[in-house]
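Structure file target_12.pdb (PDB, C-alpha atoms) is printed below.
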```
ATOM      1  CA  MET A1014       0.000   0.000   0.000
ATOM      2  CA  PRO A1015       1.409   3.438  -0.860
ATOM      3  CA  LYS A1016       2.503   5.450   2.162
ATOM      4  CA  ASN A1017      -0.009   8.218   1.574
ATOM      5  CA  LYS A1018      -2.926   5.809   1.375
ATOM      6  CA  GLU A1019      -1.747   4.055   4.537
ATOM      7  CA  LYS A1020      -1.562   7.424   6.293
ATOM      8  CA  ASP A1021      -5.083   8.269   5.152
ATOM      9  CA  LYS A1022      -6.368   4.947   6.426
ATOM     10  CA  ASN A1023      -4.747   5.472   9.823
ATOM     11  CA  LYS A1024      -6.211   8.950   9.930
ATOM     12  CA  GLU A1025      -9.663   7.528   9.201
ATOM     13  CA  MET A1026      -9.333   4.965  11.993
ATOM     14  CA  LYS A1027      -8.201   7.547  14.519
ATOM     15  CA  PRO A1028     -10.947   8.571  16.928
ATOM     16  CA  SER A1029     -12.043  12.182  16.879
ATOM     17  CA  VAL A1030     -11.724  13.851  20.260
ATOM     18  CA  THR A1031     -13.622  16.924  21.431
ATOM     19  CA  THR A1032     -12.504  18.386  24.721
ATOM     20  CA  TYR A1033     -14.981  20.135  26.990
ATOM     21  CA  GLY A1034     -14.530  21.571  30.463
ATOM     22  CA  ASP A1035     -13.900  18.455  32.487
ATOM     23  CA  TYR A1036     -14.419  15.670  30.001
ATOM     24  CA  GLU A1037     -13.582  14.481  26.533
ATOM     25  CA  MET A1038     -16.022  13.144  23.998
ATOM     26  CA  ILE A1039     -14.349  10.548  21.821
ATOM     27  CA  THR A1040     -15.934   9.267  18.646
ATOM     28  CA  PRO A1041     -14.059   6.174  17.540
ATOM     29  CA  ALA A1042     -14.079   5.148  13.910
ATOM     30  CA  ASN A1043     -16.964   2.736  13.429
ATOM     31  CA  ARG A1044     -15.135  -0.367  12.277
ATOM     32  CA  LEU A1045     -18.345  -2.396  12.331
ATOM     33  CA  ARG A1046     -20.188  -0.230   9.818
ATOM     34  CA  MET A1047     -19.048  -2.520   7.008
ATOM     35  CA  ALA A1048     -21.269  -5.234   8.503
ATOM     36  CA  VAL A1049     -24.471  -3.164   8.172
ATOM     37  CA  SER A1050     -26.502  -3.044   5.003
ATOM     38  CA  GLU A1051     -29.951  -1.814   4.133
ATOM     39  CA  VAL A1052     -32.499  -4.204   2.634
ATOM     40  CA  ALA A1053     -35.829  -3.250   1.133
ATOM     41  CA  GLY A1054     -39.005  -4.748   2.613
ATOM     42  CA  ASN A1055     -39.350  -7.517   5.163
ATOM     43  CA  PRO A1056     -37.193 -10.609   4.807
ATOM     44  CA  GLY A1057     -38.868 -13.948   4.231
ATOM     45  CA  LYS A1058     -38.828 -16.566   6.968
ATOM     46  CA  ASP A1059     -35.842 -18.353   5.421
ATOM     47  CA  ASP A1060     -33.979 -15.076   5.268
ATOM     48  CA  ASP A1061     -34.786 -13.960   8.814
ATOM     49  CA  PRO A1062     -31.701 -14.342  11.042
ATOM     50  CA  ILE A1063     -33.787 -14.421  14.241
ATOM     51  CA  ALA A1064     -35.980 -17.226  12.900
ATOM     52  CA  ARG A1065     -32.876 -19.138  11.828
ATOM     53  CA  ALA A1066     -31.307 -18.742  15.278
ATOM     54  CA  GLU A1067     -34.519 -19.837  16.989
ATOM     55  CA  GLN A1068     -34.637 -22.875  14.760
ATOM     56  CA  ALA A1069     -31.043 -23.730  15.663
ATOM     57  CA  LEU A1070     -31.854 -23.310  19.340
ATOM     58  CA  ALA A1071     -34.914 -25.544  18.997
ATOM     59  CA  ALA A1072     -32.702 -28.226  17.489
ATOM     60  CA  LEU A1073     -30.342 -27.867  20.441
ATOM     61  CA  SER A1074     -33.149 -28.032  22.990
ATOM     62  CA  SER A1075     -33.264 -31.842  22.816
ATOM     63  CA  GLU A1076     -30.031 -31.768  24.818
ATOM     64  CA  PHE A1077     -31.336 -29.510  27.579
ATOM     65  CA  THR A1078     -32.648 -32.403  29.706
ATOM     66  CA  SER A1079     -29.279 -34.140  29.730
ATOM     67  CA  TRP A1080     -27.608 -30.825  30.623
ATOM     68  CA  MET A1081     -29.950 -30.396  33.564
ATOM     69  CA  ASP A1082     -29.308 -33.987  34.652
ATOM     70  CA  ALA A1083     -25.562 -33.376  34.597
ATOM     71  CA  GLU A1084     -25.959 -30.097  36.522
ATOM     72  CA  SER A1085     -28.222 -31.762  39.104
ATOM     73  CA  GLU A1086     -25.759 -34.596  39.531
ATOM     74  CA  ARG A1087     -22.921 -32.142  40.020
ATOM     75  CA  LEU A1088     -24.864 -30.185  42.620
ATOM     76  CA  ASP A1089     -25.896 -33.386  44.391
ATOM     77  CA  ALA A1090     -22.269 -34.551  44.499
ATOM     78  CA  ALA A1091     -21.289 -31.214  46.034
ATOM     79  CA  ARG A1092     -24.091 -31.515  48.589
ATOM     80  CA  ARG A1093     -23.027 -35.053  49.513
ATOM     81  CA  ASP A1094     -19.431 -33.893  49.809
ATOM     82  CA  VAL A1095     -20.408 -31.131  52.220
ATOM     83  CA  LYS A1096     -22.555 -33.533  54.210
ATOM     84  CA  ALA A1097     -19.722 -36.074  54.516
ATOM     85  CA  LYS A1098     -16.906 -33.676  55.257
ATOM     86  CA  GLY A1099     -18.897 -30.908  56.867
ATOM     87  CA  SER A1100     -18.783 -27.324  55.793
ATOM     88  CA  ALA A1101     -15.265 -26.133  56.539
ATOM     89  CA  LYS A1102     -15.131 -22.907  58.462
ATOM     90  CA  ARG A1103     -12.875 -21.278  55.965
ATOM     91  CA  PRO A1104     -13.916 -18.106  54.210
ATOM     92  CA  ALA A1105     -15.984 -18.738  51.133
ATOM     93  CA  LYS A1106     -14.018 -18.724  47.913
ATOM     94  CA  ARG A1107     -14.468 -15.522  46.037
ATOM     95  CA  CYS A1108     -15.610 -15.721  42.482
ATOM     96  CA  SER A1109     -13.359 -12.841  41.634
ATOM     97  CA  MET A1110     -10.500 -10.730  42.831
ATOM     98  CA  PRO A1111     -11.249  -7.705  44.971
ATOM     99  CA  ARG A1112     -12.191  -4.785  42.751
ATOM    100  CA  THR A1113      -9.610  -2.572  44.399
ATOM    101  CA  THR A1114      -6.728  -4.686  43.132
ATOM    102  CA  SER A1115      -8.010  -5.606  39.699
ATOM    103  CA  ARG A1116      -7.016  -2.402  37.943
ATOM    104  CA  ALA A1117      -3.456  -2.573  39.140
ATOM    105  CA  LYS A1118      -2.921  -6.175  38.048
ATOM    106  CA  PRO A1119      -0.507  -6.468  35.161
ATOM    107  CA  ARG A1120      -1.824  -8.528  32.281
ATOM    108  CA  HIS A1121       0.800 -11.268  32.488
ATOM    109  CA  SER A1122      -0.209 -12.137  36.041
ATOM    110  CA  ALA A1123      -3.834 -12.312  34.975
ATOM    111  CA  ILE A1124      -2.920 -14.832  32.307
ATOM    112  CA  ARG A1125      -0.886 -16.880  34.737
ATOM    113  CA  MET A1126      -3.841 -16.957  37.092
ATOM    114  CA  SER A1127      -5.900 -18.711  34.464
ATOM    115  CA  HIS A1128      -4.228 -21.943  35.609
ATOM    116  CA  HIS A1129      -5.955 -21.740  38.971
ATOM    117  CA  PRO A1130      -8.789 -24.196  39.377
ATOM    118  CA  PRO A1131     -12.095 -22.512  38.643
ATOM    119  CA  THR A1132     -14.448 -21.835  41.496
ATOM    120  CA  ALA A1133     -18.116 -22.535  41.154
ATOM    121  CA  CYS A1134     -20.023 -19.351  40.542
ATOM    122  CA  ALA A1135     -23.559 -18.725  39.553
ATOM    123  CA  GLY A1136     -23.814 -16.820  36.293
TER     124      GLY A1136
ATOM    125  CA  MET B 269     -34.617  -2.140   7.102
ATOM    126  CA  LEU B 270     -31.121  -2.548   8.518
ATOM    127  CA  ARG B 271     -29.437  -5.872   8.252
ATOM    128  CA  ILE B 272     -26.215  -7.159   9.786
ATOM    129  CA  ASP B 273     -23.784  -9.408   7.978
ATOM    130  CA  PHE B 274     -22.810 -11.506  10.939
ATOM    131  CA  ASN B 275     -20.211 -13.335   8.917
ATOM    132  CA  ARG B 276     -18.174 -10.118   8.879
ATOM    133  CA  LEU B 277     -18.101  -9.898  12.662
ATOM    134  CA  ARG B 278     -15.855 -11.664  15.134
ATOM    135  CA  PHE B 279     -17.363 -12.553  18.518
ATOM    136  CA  LEU B 280     -15.865 -13.495  21.851
ATOM    137  CA  ILE B 281     -18.056 -15.222  24.436
ATOM    138  CA  VAL B 282     -16.746 -15.129  28.003
ATOM    139  CA  ASP B 283     -18.825 -17.307  30.302
ATOM    140  CA  ASP B 284     -17.908 -19.969  32.843
ATOM    141  CA  ASN B 285     -20.979 -22.055  32.049
ATOM    142  CA  THR B 286     -20.326 -24.380  29.166
ATOM    143  CA  HIS B 287     -24.044 -24.759  28.384
ATOM    144  CA  MET B 288     -24.572 -21.013  28.172
ATOM    145  CA  ARG B 289     -21.574 -20.730  25.843
ATOM    146  CA  ARG B 290     -23.072 -23.430  23.664
ATOM    147  CA  ILE B 291     -26.447 -21.635  23.536
ATOM    148  CA  LEU B 292     -24.804 -18.328  22.616
ATOM    149  CA  ARG B 293     -22.649 -19.965  19.987
ATOM    150  CA  THR B 294     -25.718 -21.671  18.501
ATOM    151  CA  LEU B 295     -27.591 -18.375  18.334
ATOM    152  CA  LEU B 296     -24.670 -16.517  16.775
ATOM    153  CA  HIS B 297     -24.104 -19.235  14.197
ATOM    154  CA  GLY B 298     -27.845 -19.123  13.532
ATOM    155  CA  PHE B 299     -27.536 -15.399  12.829
ATOM    156  CA  GLY B 300     -24.787 -16.223  10.356
ATOM    157  CA  ALA B 301     -21.642 -15.576  12.399
ATOM    158  CA  ARG B 302     -18.636 -17.691  11.505
ATOM    159  CA  GLU B 303     -15.987 -16.478  13.884
ATOM    160  CA  VAL B 304     -17.030 -17.144  17.465
ATOM    161  CA  TYR B 305     -14.382 -17.608  20.136
ATOM    162  CA  GLU B 306     -14.956 -18.729  23.702
ATOM    163  CA  ALA B 307     -13.319 -18.222  27.069
ATOM    164  CA  GLU B 308     -14.367 -19.723  30.384
ATOM    165  CA  ASP B 309     -13.206 -17.056  32.806
ATOM    166  CA  GLY B 310     -12.217 -13.420  32.947
ATOM    167  CA  ALA B 311      -8.470 -14.023  32.682
ATOM    168  CA  THR B 312      -8.768 -16.297  29.663
ATOM    169  CA  GLY B 313     -11.250 -13.811  28.241
ATOM    170  CA  LEU B 314      -8.733 -10.988  28.491
ATOM    171  CA  GLU B 315      -6.098 -13.157  26.865
ATOM    172  CA  ALA B 316      -8.506 -14.089  24.066
ATOM    173  CA  PHE B 317      -9.456 -10.430  23.606
ATOM    174  CA  THR B 318      -5.809  -9.532  23.057
ATOM    175  CA  HIS B 319      -5.170 -12.503  20.818
ATOM    176  CA  PHE B 320      -8.279 -12.614  18.610
ATOM    177  CA  ALA B 321      -9.202  -8.887  18.566
ATOM    178  CA  PRO B 322     -12.959  -9.558  18.541
ATOM    179  CA  ASP B 323     -15.428  -7.012  17.192
ATOM    180  CA  ILE B 324     -17.967  -7.702  19.946
ATOM    181  CA  ILE B 325     -17.606  -9.288  23.388
ATOM    182  CA  ILE B 326     -20.450 -11.047  25.172
ATOM    183  CA  ALA B 327     -19.485 -11.474  28.823
ATOM    184  CA  ASP B 328     -21.120 -13.069  31.811
ATOM    185  CA  TRP B 329     -20.961 -11.210  35.133
ATOM    186  CA  ALA B 330     -20.079 -13.872  37.722
ATOM    187  CA  MET B 331     -17.011 -15.828  36.679
ATOM    188  CA  PRO B 332     -13.881 -17.282  38.261
ATOM    189  CA  ILE B 333     -10.524 -15.478  38.431
ATOM    190  CA  PHE B 334     -12.073 -12.117  37.661
ATOM    191  CA  ASP B 335     -15.626 -11.336  36.761
ATOM    192  CA  GLY B 336     -17.252  -9.637  33.799
ATOM    193  CA  LEU B 337     -17.205  -6.273  35.499
ATOM    194  CA  GLU B 338     -13.478  -6.448  36.169
ATOM    195  CA  LEU B 339     -12.875  -7.699  32.649
ATOM    196  CA  THR B 340     -14.748  -4.648  31.349
ATOM    197  CA  GLN B 341     -12.681  -2.323  33.541
ATOM    198  CA  MET B 342      -9.467  -3.866  32.244
ATOM    199  CA  ILE B 343     -10.524  -3.505  28.630
ATOM    200  CA  ARG B 344     -11.758   0.068  29.119
ATOM    201  CA  GLN B 345      -8.332   1.495  29.777
ATOM    202  CA  PRO B 346      -7.284   3.898  27.050
ATOM    203  CA  GLY B 347      -3.849   3.025  25.764
ATOM    204  CA  ALA B 348      -3.694  -0.309  27.579
ATOM    205  CA  ASN B 349      -4.814  -2.409  24.644
ATOM    206  CA  ALA B 350      -5.514  -2.236  20.934
ATOM    207  CA  ASN B 351      -9.242  -1.557  21.169
ATOM    208  CA  PRO B 352     -10.611  -0.075  24.404
ATOM    209  CA  TYR B 353     -13.749   0.880  22.454
ATOM    210  CA  VAL B 354     -14.844  -2.693  21.737
ATOM    211  CA  PRO B 355     -18.588  -3.156  22.369
ATOM    212  CA  ILE B 356     -19.245  -5.289  25.456
ATOM    213  CA  ILE B 357     -22.620  -6.917  25.974
ATOM    214  CA  MET B 358     -23.047  -7.931  29.595
ATOM    215  CA  LEU B 359     -25.123 -11.049  30.029
ATOM    216  CA  THR B 360     -26.255 -11.901  33.531
ATOM    217  CA  GLY B 361     -28.975 -13.328  35.708
ATOM    218  CA  HIS B 362     -28.537 -10.419  38.116
ATOM    219  CA  SER B 363     -30.800  -7.714  36.790
ATOM    220  CA  GLU B 364     -31.330  -5.587  39.917
ATOM    221  CA  LYS B 365     -31.116  -1.852  39.321
ATOM    222  CA  LYS B 366     -27.933  -1.581  41.380
ATOM    223  CA  ARG B 367     -26.267  -4.205  39.224
ATOM    224  CA  VAL B 368     -27.325  -2.527  36.009
ATOM    225  CA  THR B 369     -25.941   0.784  37.275
ATOM    226  CA  SER B 370     -22.646  -0.826  38.316
ATOM    227  CA  ALA B 371     -22.298  -2.472  34.918
ATOM    228  CA  ARG B 372     -23.061   0.798  33.148
ATOM    229  CA  ASP B 373     -20.494   2.629  35.280
ATOM    230  CA  ALA B 374     -17.859  -0.009  34.511
ATOM    231  CA  GLY B 375     -18.259   0.809  30.817
ATOM    232  CA  ILE B 376     -20.418  -1.912  29.321
ATOM    233  CA  THR B 377     -22.180  -1.095  26.068
ATOM    234  CA  GLU B 378     -25.347  -3.153  26.439
ATOM    235  CA  PHE B 379     -26.945  -5.111  29.269
ATOM    236  CA  MET B 380     -28.914  -8.290  28.763
ATOM    237  CA  ALA B 381     -30.707 -10.247  31.480
ATOM    238  CA  LYS B 382     -31.048 -14.020  31.421
ATOM    239  CA  PRO B 383     -32.980 -15.934  30.208
ATOM    240  CA  ILE B 384     -31.953 -14.758  26.772
ATOM    241  CA  SER B 385     -33.780 -14.957  23.493
ATOM    242  CA  ALA B 386     -32.635 -14.819  19.901
ATOM    243  CA  LYS B 387     -34.491 -11.544  19.406
ATOM    244  CA  ALA B 388     -32.960  -9.864  22.474
ATOM    245  CA  LEU B 389     -29.450 -10.864  21.461
ATOM    246  CA  TYR B 390     -29.977  -9.766  17.854
ATOM    247  CA  GLN B 391     -31.271  -6.365  18.973
ATOM    248  CA  ARG B 392     -28.289  -5.781  21.258
ATOM    249  CA  VAL B 393     -25.867  -6.644  18.467
ATOM    250  CA  LEU B 394     -27.789  -4.490  15.998
ATOM    251  CA  ASN B 395     -27.673  -1.594  18.431
ATOM    252  CA  VAL B 396     -23.927  -1.728  19.020
ATOM    253  CA  VAL B 397     -23.217  -2.084  15.313
ATOM    254  CA  ALA B 398     -25.701   0.377  13.856
ATOM    255  CA  ASN B 399     -25.985   2.961  16.657
ATOM    256  CA  PRO B 400     -22.595   3.237  18.323
ATOM    257  CA  ARG B 401     -22.404   5.836  21.075
ATOM    258  CA  PRO B 402     -19.457   8.172  21.515
ATOM    259  CA  PHE B 403     -17.091   7.517  24.376
ATOM    260  CA  ILE B 404     -16.749   9.787  27.375
ATOM    261  CA  LYS B 405     -13.497  10.196  29.239
ATOM    262  CA  THR B 406     -13.478  11.865  32.620
ATOM    263  CA  LYS B 407     -11.220  11.544  35.659
ATOM    264  CA  THR B 408     -13.338   8.688  36.937
ATOM    265  CA  TYR B 409     -14.960   7.157  33.874
ATOM    266  CA  PHE B 410     -14.032   5.878  30.463
ATOM    267  CA  GLY B 411     -16.698   4.180  28.414
ATOM    268  CA  PRO B 412     -19.684   4.639  26.139
ATOM    269  CA  ASP B 413     -21.755   7.758  26.752
ATOM    270  CA  ARG B 414     -24.132   6.850  29.561
ATOM    271  CA  ARG B 415     -26.661   9.382  28.260
ATOM    272  CA  ARG B 416     -28.476   7.483  25.591
ATOM    273  CA  ASN B 417     -30.996  10.265  25.004
ATOM    274  CA  ALA B 418     -30.895  14.016  25.466
ATOM    275  CA  SER B 419     -33.846  14.813  27.674
ATOM    276  CA  SER B 420     -35.310  18.274  27.174
ATOM    277  CA  ASN B 421     -37.279  17.891  30.431
ATOM    278  CA  TYR B 422     -34.187  17.488  32.598
ATOM    279  CA  VAL B 423     -33.927  20.237  35.201
ATOM    280  CA  GLY B 424     -31.295  18.921  37.635
ATOM    281  CA  PRO B 425     -27.751  20.203  38.000
ATOM    282  CA  GLU B 426     -25.444  19.646  35.045
ATOM    283  CA  ARG B 427     -22.552  17.419  36.048
ATOM    284  CA  ARG B 428     -20.509  17.901  32.907
ATOM    285  CA  LYS B 429     -18.663  21.173  32.685
ATOM    286  CA  GLY B 430     -17.958  23.087  29.513
ATOM    287  CA  GLY B 431     -19.323  23.106  26.000
ATOM    288  CA  LYS B 432     -22.935  22.377  25.217
ATOM    289  CA  ALA B 433     -23.472  20.681  28.545
ATOM    290  CA  ASP B 434     -23.343  24.008  30.384
ATOM    291  CA  THR B 435     -26.325  25.374  28.513
ATOM    292  CA  ILE B 436     -28.751  23.136  30.405
ATOM    293  CA  LYS B 437     -30.200  25.250  33.169
ATOM    294  CA  ALA B 438     -31.027  23.896  36.593
ATOM    295  CA  SER B 439     -34.327  25.238  37.904
ATOM    296  CA  THR B 440     -34.601  26.256  41.504
ATOM    297  CA  LEU B 441     -37.413  25.083  43.750
ATOM    298  CA  ILE B 442     -38.911  28.598  43.606
ATOM    299  CA  ASP B 443     -39.038  28.481  39.813
ATOM    300  CA  LYS B 444     -40.697  25.079  39.956
ATOM    301  CA  ALA B 445     -43.251  26.346  42.455
ATOM    302  CA  LYS B 446     -44.002  29.362  40.237
ATOM    303  CA  VAL B 447     -44.588  27.123  37.257
ATOM    304  CA  ALA B 448     -46.824  24.827  39.307
ATOM    305  CA  SER B 449     -48.984  27.698  40.559
TER     306      SER B 449
END
```

Now, as a test, write the supplied structure out as structure tokens.
Amino acid sequence: MPKNKEKDKNKEMKPSVTTYGDYEMITPANRLRMAVSEVAGNPGKDDDPIARAEQALAALSSEFTSWMDAESERLDAARRDVKAKGSAKRPAKRCSMPRTTSRAKPRHSAIRMSHHPPTACAG
Amino acid sequence: MLRIDFNRLRFLIVDDNTHMRRILRTLLHGFGAREVYEAEDGATGLEAFTHFAPDIIIADWAMPIFDGLELTQMIRQPGANANPYVPIIMLTGHSEKKRVTSARDAGITEFMAKPISAKALYQRVLNVVANPRPFIKTKTYFGPDRRRNASSNYVGPERRKGGKADTIKASTLIDKAKVAS
């Protein structure tokens, strides 16, 4: 790509910044605009992405019962474990790091932490 | 009518529940998406964000290592990564007002409560793609503009200083009483 064109492209991708009294308003280049198009009229059922996704989900729904069985079994195993060993009087495992420290964490340590065993958290 | 070419978008799903990831992946593939990446916790999600440079992130709130809120805060750091402006759709079962406010203040783009539907997910994606909001940077906040609409009825104090924001007048109680009588 010629240098000038490359410069123009970088310029286009650069967010525009307007500074006001105590804040800045930043308008980033909309990289996702290329994924939007305008179509005339209403799409047919075969062409409707929501209908297609619902259909795919309906096909998947036959597996939901087995998922629930597996989840129930896992919960029951945890319950039996607690009943057998008793609930240890240790502080409950946190699902996450304290908010006060998260910002200061360097990225490499966050990646290393991914090797820790996951704790059970409700979504 | 606006239409999204999902096959031109790259998604990252960050959720510790394998079944929820599968449901989201199924929906996105149903919409036509081809590139869908997954991560099972906040740390892996951050790593995947750096590695795959997704166009849109769909993140759960409660996750091991660090949660969706902390992941959002790490991504929304200008200069810290390649794309701090990436749209983040927060997906959670916790839909209390306080939670929604916390998520908004962390810098999420859209909020979606479980259980999800194909329509709800499609609308969130459509919104972030077709109607992106500008970003606001203050001493304490960096993220999408939390004012989705300009309300002409607003009469409270203006918290943003300078520019157009200063032109909004705050009415006193006396003024309000005069108008009422």

Produce a table with one row for each residue of chain B that has an atom at most 6 Å from any atom of chain A, each row naming the nearest atom pair and its distance in Å at one decimal; use only C-alpha atoms; arrange rows by chain and rising residue number; format as CSV.
```
residue,atom,partner,partner_atom,distance
B:Met269,CA,A:Val1052,CA,5.4
B:Leu270,CA,A:Glu1051,CA,4.6
B:Arg271,CA,A:Ser1050,CA,5.2
B:Ile272,CA,A:Val1049,CA,4.6
B:Asp273,CA,A:Ala1048,CA,4.9
B:Arg276,CA,A:Ala1048,CA,5.8
B:Leu295,CA,A:Ala1066,CA,4.8
B:Gly298,CA,A:Ala1066,CA,3.9
B:Phe299,CA,A:Pro1062,CA,4.7
B:Ala311,CA,A:Ala1123,CA,5.4
B:Ala330,CA,A:Gly1136,CA,5.0
B:Met331,CA,A:Cys1108,CA,6.0
B:Pro332,CA,A:Cys1108,CA,4.8
B:Ile333,CA,A:Ser1109,CA,5.0
B:Phe334,CA,A:Ser1109,CA,4.2
B:Asp335,CA,A:Ser1109,CA,5.6
B:Ala386,CA,A:Ile1063,CA,5.8
B:Lys387,CA,A:Ile1063,CA,6.0
B:Val397,CA,A:Leu1045,CA,5.7
B:Pro402,CA,A:Thr1040,CA,4.7
B:Phe403,CA,A:Ile1039,CA,4.8
B:Ile404,CA,A:Met1038,CA,4.8
B:Lys405,CA,A:Glu1037,CA,5.1
B:Thr406,CA,A:Tyr1036,CA,4.7
B:Lys429,CA,A:Gly1034,CA,4.7
B:Gly430,CA,A:Gly1034,CA,3.9
B:Gly431,CA,A:Tyr1033,CA,5.4
```

*Using the chain letters and residue numbers of this document, give as a PyMOL selection string the residues selected by the PyMOL selection byres ((chain B and resi 304) around 7).*
chain B and resi 278-280+293+302-303+305-306

How would the residues just chosen look if you wrote them out with C-alpha atoms as a tab-separated table (two decimals), in the coordinates of the input?
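Saved result, again05.tsv, follows:
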```tsv
chain	number	residue	atom	x	y	z
B	278	ARG	CA	-15.86	-11.66	15.13
B	279	PHE	CA	-17.36	-12.55	18.52
B	280	LEU	CA	-15.86	-13.50	21.85
B	293	ARG	CA	-22.65	-19.96	19.99
B	302	ARG	CA	-18.64	-17.69	11.50
B	303	GLU	CA	-15.99	-16.48	13.88
B	305	TYR	CA	-14.38	-17.61	20.14
B	306	GLU	CA	-14.96	-18.73	23.70
```

*On this file, the PyMOL selection byres ((chain B and resi 336) around 10) gives some set of residues; write that set as JSON, numbers by chain.*
{"A": [1109], "B": [282, 283, 309, 310, 311, 313, 326, 327, 328, 329, 330, 331, 332, 334, 335, 337, 338, 339, 340, 341, 342, 356, 357, 358, 359, 360, 371, 374, 376]}

*Which distance in Å separates atom CA of A:Lys1098 and atom CA of A:Ala1083, to one decimal?*
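Straight-line distance from atom CA of A:Lys1098 to atom CA of A:Ala1083 works out to 22.4 Å.
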
_Which residues are near B:Ser363? Cut-off 9 Å, all atoms listed in the file, ignore same chain within fewer than 2 positions. Put them as a count of residues only._
10
